Amino acid sequence: MDSLVTEQKLTEQADRLQKIKEQQSQDSLRRLQLENRLFSDELEDTKEKQALLTELYFLKSRDSLALVERKRKVDSMRVLNPGIPVRPFKDTLFTLYRGIGGFSIHERANAVQTRIKTLADLYSFHADSIRVVENDNMWYITGANDMIMSVSEEDALWMNATPNALAMLFANKIKGSITQYRDDTSITKLLKGIGLAALVLCLVSLIVYGINKLAGYTRRLVLRNKGNKLTGIRIRGYELVSATKQVRFIWTLFNLMKWLFILMVIYLALPIVFNLFPATEGFANVLLSYILDPVKKISMAVINYLPNLITVIVIVIIFRYIFKILKYFANELHRGALNIPGFYADWTLPTYQILRVLLTAFMLIVIFPYLPGSKSPIFQGVSVFIGILFTFGSAGALGNVIAGLVITYMRPFSIGDRVKIGDVQGDIIEKTLLVTRIRTIKNEVISVPNSQVMNSHTINYSTDAPDKGLILHTTITIGYDVPWQTVHKLAIQAASTVQYIEVEPHPFVLQTSLDDYYVSYQINAYTKQPNKQALIYSELHKNLLDQFHTAGVEIMSPHYRVVRNNEDTAMPPADDQ
């Protein structure tokens, strides 16, 4: 669409130039008539002579204005018309900006190139045969009695030159290009190029042979030093890399360098060989550009990026010192040297990690505009894609992280506390952002996701145990025939003799229910060792059995049915106790 609009504008400008030229031609004919009349012998009237001079002056002025207008039109058309280069032998000789006769610009340029090539291939060609001939305001460049091209006033306008000077310039360029072409394609030049190419190939072969010999010598040297100087890599007694792997790595590195040097030598030799022959001379620049262009681009990119790199380094240094300051205050708060009212010591490290993550994210946001390629659509698209993957792929993990942070600041338990979370009971051994790990009384380690901890109720047995004590309780059922005072006394005696049961406050007994066949008694006792509940309950139950059996009291728990004589009891014999 743009090319059609450009072509239409060029056509309109060309039509205007043609009209101006036609007007100039008419004015030239009129001026010639006036000059003939003015200098004729028949003219005697002074008034008529004055009128002829006035009109003649007017035509000259209009001709000057028309020439200025034509130049202005051409200057405006240069923006739309880049011209077509005439390039018969690789290099551009000159540029054509307009067609001629029924030929378009492309057709005219192709015709000139073909004629120059045909003339250069003539065996009997002589450079002196190229001449410039003028005929009826047209200048013709000929060679070997054939016309090569024509130069008009319009061509001269486009080149800001006179027609004669432009034609001579074109003729000299054509003459020089043909002479150079014939010299480059001569038999002598070809034989010389073949000889130099053979010399270059021999030199390359010698260099490749030398590289192979050097690589072989290096390999033998490495093998001789195996176990002597090449003993592997050890870190504090741990063999990170064995001697065999170290030798293999070194040889692989040398082998890679060998082939890299060989390929580089061959690659650099090819442009030299191509430059020896005119037909392949252009390939040399192409091959060299494959290496030089990326190197130039990378070098310029690095140089241009230096100001941004310095900015990034300054930002990183500033944030590094901010992190050091935060870490210093976090350590002071954690060890208790610095106290903030309402801020607990176990909040210090999680808060420090949160601030560190937030500051790191903020630092990356600040640095991002200074990264190379950050404004490119590809870089931005990849960043968005990674963000989407991270969002959808880590939805569950982020939920656990958020729950872990909430748990940290809720402080429902600490490391070492005896807790019950849902159906899991044990001691807290680790708290992370993702899971909470519990060791049960059977030495099982259970990992509970923090989101599940948030959604479950948590019982902490250790929070008030050191100060107020934890009340452990168990229930026994005794028949209605035993006085409750006796049951209380025996139960308290049994609880008081259990290890880890506190003497103060005293154990106490509660009647929890009056059932059909028995009374339910709940024995309560204080302990400051909540992590030893299993041992305490075991000792308490054993002492209850001993106390009640010794006192001759039957424990009817929960029901006891038997057909017996009144003398029989549900207790061990006295000599077995």
# chains A, B, ... in the order shown; residues from 1 in each chain; ligands from 1
call {"tool": "select_by_dssp", "arguments": {"residues": "region 276-443 of chain A", "states": "strand (DSSP E)", "output": "number ranges by chain"}}
result
A: 418-421, 424-431, 435-439
call {"tool": "write_last_selection", "arguments": {"atoms": "N, CA, C and O atoms", "output": "CSV table (one decimal), in the first residue's frame"}}
result
chain,number,residue,atom,x,y,z
A,418,ARG,N,4.5,-30.1,74.3
A,418,ARG,CA,3.6,-31.3,74.1
A,418,ARG,C,2.3,-30.8,73.7
A,418,ARG,O,1.6,-30.0,74.4
A,419,VAL,N,1.8,-31.1,72.4
A,419,VAL,CA,0.6,-30.6,71.9
A,419,VAL,C,-0.2,-31.8,71.3
A,419,VAL,O,0.3,-32.9,71.1
A,420,LYS,N,-1.5,-31.4,70.9
A,420,LYS,CA,-2.3,-32.3,70.2
A,420,LYS,C,-3.0,-31.5,69.1
A,420,LYS,O,-3.7,-30.6,69.4
A,421,ILE,N,-2.7,-31.8,67.9
A,421,ILE,CA,-3.2,-31.1,66.7
A,421,ILE,C,-4.1,-32.1,66.0
A,421,ILE,O,-3.6,-33.1,65.3
A,424,VAL,N,-3.3,-35.9,66.1
A,424,VAL,CA,-1.9,-36.2,66.3
A,424,VAL,C,-1.4,-35.6,67.6
A,424,VAL,O,-1.7,-34.4,67.9
A,425,GLN,N,-0.8,-36.4,68.5
A,425,GLN,CA,-0.3,-35.9,69.8
A,425,GLN,C,1.2,-36.2,69.9
A,425,GLN,O,1.6,-37.3,69.6
A,426,GLY,N,1.9,-35.2,70.4
A,426,GLY,CA,3.4,-35.4,70.6
A,426,GLY,C,4.1,-34.1,70.9
A,426,GLY,O,3.4,-33.1,71.2
A,427,ASP,N,5.4,-34.2,70.7
A,427,ASP,CA,6.2,-33.0,71.0
A,427,ASP,C,6.6,-32.3,69.7
A,427,ASP,O,7.0,-32.9,68.7
A,428,ILE,N,6.6,-31.0,69.7
A,428,ILE,CA,7.0,-30.2,68.6
A,428,ILE,C,8.5,-30.2,68.5
A,428,ILE,O,9.2,-29.9,69.4
A,429,ILE,N,9.0,-30.7,67.3
A,429,ILE,CA,10.4,-30.8,67.1
A,429,ILE,C,10.9,-29.8,66.0
A,429,ILE,O,12.1,-29.5,66.0
A,430,GLU,N,10.0,-29.3,65.2
A,430,GLU,CA,10.5,-28.3,64.1
A,430,GLU,C,9.3,-27.6,63.6
A,430,GLU,O,8.2,-28.1,63.5
A,431,LYS,N,9.5,-26.3,63.4
A,431,LYS,CA,8.5,-25.4,62.7
A,431,LYS,C,9.1,-24.8,61.5
A,431,LYS,O,10.2,-24.1,61.6
A,435,VAL,N,5.6,-26.8,57.0
A,435,VAL,CA,5.1,-27.9,57.8
A,435,VAL,C,5.5,-27.7,59.3
A,435,VAL,O,6.4,-26.9,59.6
A,436,THR,N,4.8,-28.4,60.1
A,436,THR,CA,5.1,-28.5,61.5
A,436,THR,C,5.4,-30.0,61.8
A,436,THR,O,4.5,-30.8,61.5
A,437,ARG,N,6.5,-30.3,62.4
A,437,ARG,CA,6.9,-31.7,62.6
A,437,ARG,C,6.7,-32.0,64.1
A,437,ARG,O,7.1,-31.3,65.0
A,438,ILE,N,6.1,-33.2,64.4
A,438,ILE,CA,5.7,-33.7,65.7
A,438,ILE,C,6.3,-35.1,65.9
A,438,ILE,O,6.1,-35.9,65.0
A,439,ARG,N,6.9,-35.3,67.1
A,439,ARG,CA,7.4,-36.6,67.4
A,439,ARG,C,6.4,-37.2,68.5
A,439,ARG,O,6.2,-36.6,69.5
call {"tool": "closest_residue", "arguments": {"among": "A:Ala127, A:Leu510, A:Leu96, A:Ala156", "to": "Gln113 (chain A)", "atoms": "only C-alpha atoms"}}
result
A:Leu96
call {"tool": "residues_around", "arguments": {"residues": "Val151 (chain A)", "least_positions_apart": "5", "cutoff": "12 Å", "atoms": "only C-alpha atoms", "output": "PyMOL selection string"}}
result
chain A and resi 96-100+108+112+132-142+156-159+161-171
call {"tool": "residues_around", "arguments": {"residues": "region 464-474 of chain A", "least_positions_apart": "5", "cutoff": "6 Å", "atoms": "only C-alpha atoms", "output": "short mmCIF file (atom, residue, chain, number, x, y, z; two decimals) with C-alpha atoms, in the first residue's frame"}}
result
data_model
loop_
_atom_site.label_atom_id
_atom_site.label_comp_id
_atom_site.auth_asym_id
_atom_site.auth_seq_id
_atom_site.Cartn_x
_atom_site.Cartn_y
_atom_site.Cartn_z
CA GLN A 522 -12.28 -38.62 88.61
CA ILE A 523 -8.78 -38.42 90.11
CA ASN A 524 -7.00 -35.10 89.28
CA ALA A 525 -3.34 -34.35 89.93
CA TYR A 526 -0.91 -31.58 88.96
CA THR A 527 2.34 -32.10 87.09
CA LYS A 528 4.96 -29.80 85.61
#
call {"tool": "select_by_dssp", "arguments": {"residues": "region 308-471 of chain A", "states": "alpha helix (DSSP H)", "output": "PyMOL selection string"}}
result
chain A and resi 308-334+348-367+377-393+395-410+450-455
call {"tool": "residues_around", "arguments": {"residues": "Leu287 (chain A)", "least_positions_apart": "6", "cutoff": "9 Å", "atoms": "only C-alpha atoms", "output": "PyMOL selection string"}}
result
chain A and resi 267-268+270-271
call {"tool": "write_last_selection", "arguments": {"atoms": "N, CA, C and O atoms", "output": "CSV table (one decimal), in the first residue's frame"}}
result
chain,number,residue,atom,x,y,z
A,267,TYR,N,38.6,-21.3,9.6
A,267,TYR,CA,37.6,-20.2,9.4
A,267,TYR,C,38.3,-18.9,9.0
A,267,TYR,O,37.8,-18.2,8.1
A,268,LEU,N,39.4,-18.6,9.6
A,268,LEU,CA,40.2,-17.4,9.2
A,268,LEU,C,40.9,-17.5,7.9
A,268,LEU,O,41.2,-16.5,7.3
A,270,LEU,N,39.8,-19.2,5.3
A,270,LEU,CA,38.8,-19.2,4.1
A,270,LEU,C,38.7,-17.8,3.5
A,270,LEU,O,38.7,-17.6,2.3
A,271,PRO,N,38.5,-16.7,4.4
A,271,PRO,CA,38.4,-15.4,3.8
A,271,PRO,C,39.6,-15.0,3.0
A,271,PRO,O,39.5,-14.3,2.0
call {"tool": "atom_distance", "arguments": {"atom1": "CA of Trp347 (chain A)", "atom2": "CA of Val453 (chain A)"}}
result
18.4 Å
call {"tool": "atom_distance", "arguments": {"atom1": "CA of Tyr181 (chain A)", "atom2": "CA of Glu107 (chain A)"}}
result
23.3 Å
call {"tool": "atom_distance", "arguments": {"atom1": "CA of Pro507 (chain A)", "atom2": "CA of Val553 (chain A)"}}
result
20.1 Å
call {"tool": "decode", "arguments": {"residues": "region 484-517 of chain A", "atoms": "N, CA and C atoms", "output": "short mmCIF file (atom, residue, chain, number, x, y, z; two decimals), in the first residue's frame"}}
result
data_model
loop_
_atom_site.label_atom_id
_atom_site.label_comp_id
_atom_site.auth_asym_id
_atom_site.auth_seq_id
_atom_site.Cartn_x
_atom_site.Cartn_y
_atom_site.Cartn_z
N TRP A 484 -17.73 -42.75 99.95
CA TRP A 484 -16.96 -41.88 99.04
C TRP A 484 -15.72 -41.32 99.72
N GLN A 485 -15.78 -41.15 101.09
CA GLN A 485 -14.61 -40.64 101.80
C GLN A 485 -13.43 -41.61 101.66
N THR A 486 -13.75 -42.91 101.71
CA THR A 486 -12.69 -43.92 101.55
C THR A 486 -12.08 -43.86 100.15
N VAL A 487 -12.95 -43.72 99.16
CA VAL A 487 -12.46 -43.66 97.78
C VAL A 487 -11.56 -42.44 97.59
N HIS A 488 -11.96 -41.29 98.13
CA HIS A 488 -11.15 -40.07 98.02
C HIS A 488 -9.78 -40.26 98.65
N LYS A 489 -9.81 -40.85 99.84
CA LYS A 489 -8.54 -41.01 100.56
C LYS A 489 -7.58 -41.92 99.81
N LEU A 490 -8.12 -43.08 99.34
CA LEU A 490 -7.26 -44.02 98.62
C LEU A 490 -6.74 -43.43 97.31
N ALA A 491 -7.59 -42.70 96.58
CA ALA A 491 -7.19 -42.14 95.28
C ALA A 491 -6.11 -41.07 95.46
N ILE A 492 -6.27 -40.24 96.50
CA ILE A 492 -5.27 -39.18 96.73
C ILE A 492 -3.94 -39.79 97.15
N GLN A 493 -4.00 -40.85 98.01
CA GLN A 493 -2.77 -41.53 98.40
C GLN A 493 -2.07 -42.14 97.19
N ALA A 494 -2.83 -42.73 96.29
CA ALA A 494 -2.24 -43.34 95.08
C ALA A 494 -1.60 -42.28 94.19
N ALA A 495 -2.27 -41.13 94.04
CA ALA A 495 -1.72 -40.08 93.17
C ALA A 495 -0.51 -39.41 93.78
N SER A 496 -0.49 -39.28 95.10
CA SER A 496 0.60 -38.56 95.77
C SER A 496 1.92 -39.30 95.68
N THR A 497 1.87 -40.62 95.50
CA THR A 497 3.11 -41.40 95.46
C THR A 497 3.66 -41.58 94.05
N VAL A 498 3.01 -40.98 93.06
CA VAL A 498 3.47 -41.09 91.66
C VAL A 498 4.56 -40.07 91.42
N GLN A 499 5.65 -40.53 90.75
CA GLN A 499 6.73 -39.61 90.39
C GLN A 499 6.21 -38.56 89.39
N TYR A 500 6.71 -37.34 89.51
CA TYR A 500 6.36 -36.19 88.66
C TYR A 500 5.00 -35.60 88.99
N ILE A 501 4.26 -36.17 89.99
CA ILE A 501 3.02 -35.55 90.46
C ILE A 501 3.40 -34.55 91.55
N GLU A 502 2.86 -33.33 91.44
CA GLU A 502 3.18 -32.28 92.39
C GLU A 502 2.42 -32.49 93.71
N VAL A 503 3.17 -32.25 94.81
CA VAL A 503 2.52 -32.34 96.14
C VAL A 503 1.63 -31.13 96.36
N GLU A 504 2.08 -29.98 95.90
CA GLU A 504 1.30 -28.75 95.97
C GLU A 504 1.16 -28.20 94.56
N PRO A 505 -0.06 -27.92 94.15
CA PRO A 505 -1.36 -28.16 94.81
C PRO A 505 -1.64 -29.67 94.97
N HIS A 506 -2.49 -30.00 95.98
CA HIS A 506 -2.79 -31.39 96.30
C HIS A 506 -3.64 -32.00 95.20
N PRO A 507 -3.47 -33.30 94.98
CA PRO A 507 -4.43 -34.00 94.10
C PRO A 507 -5.83 -33.93 94.70
N PHE A 508 -6.83 -34.01 93.89
CA PHE A 508 -8.22 -33.96 94.35
C PHE A 508 -9.06 -34.89 93.51
N VAL A 509 -10.25 -35.24 94.07
CA VAL A 509 -11.14 -36.21 93.43
C VAL A 509 -12.49 -35.55 93.22
N LEU A 510 -13.10 -35.84 92.07
CA LEU A 510 -14.44 -35.34 91.75
C LEU A 510 -15.34 -36.51 91.42
N GLN A 511 -16.59 -36.47 91.96
CA GLN A 511 -17.59 -37.46 91.55
C GLN A 511 -18.23 -36.92 90.26
N THR A 512 -18.02 -37.61 89.16
CA THR A 512 -18.50 -37.11 87.87
C THR A 512 -19.89 -37.60 87.52
N SER A 513 -20.30 -38.78 88.09
CA SER A 513 -21.66 -39.27 87.79
C SER A 513 -22.05 -40.36 88.76
N LEU A 514 -23.37 -40.51 88.96
CA LEU A 514 -23.94 -41.59 89.76
C LEU A 514 -24.67 -42.51 88.78
N ASP A 515 -24.01 -43.61 88.45
CA ASP A 515 -24.56 -44.50 87.43
C ASP A 515 -25.43 -45.57 88.08
N ASP A 516 -25.92 -46.51 87.27
CA ASP A 516 -26.86 -47.52 87.76
C ASP A 516 -26.22 -48.46 88.76
N TYR A 517 -24.97 -48.85 88.53
CA TYR A 517 -24.34 -49.88 89.35
C TYR A 517 -23.12 -49.38 90.11
#
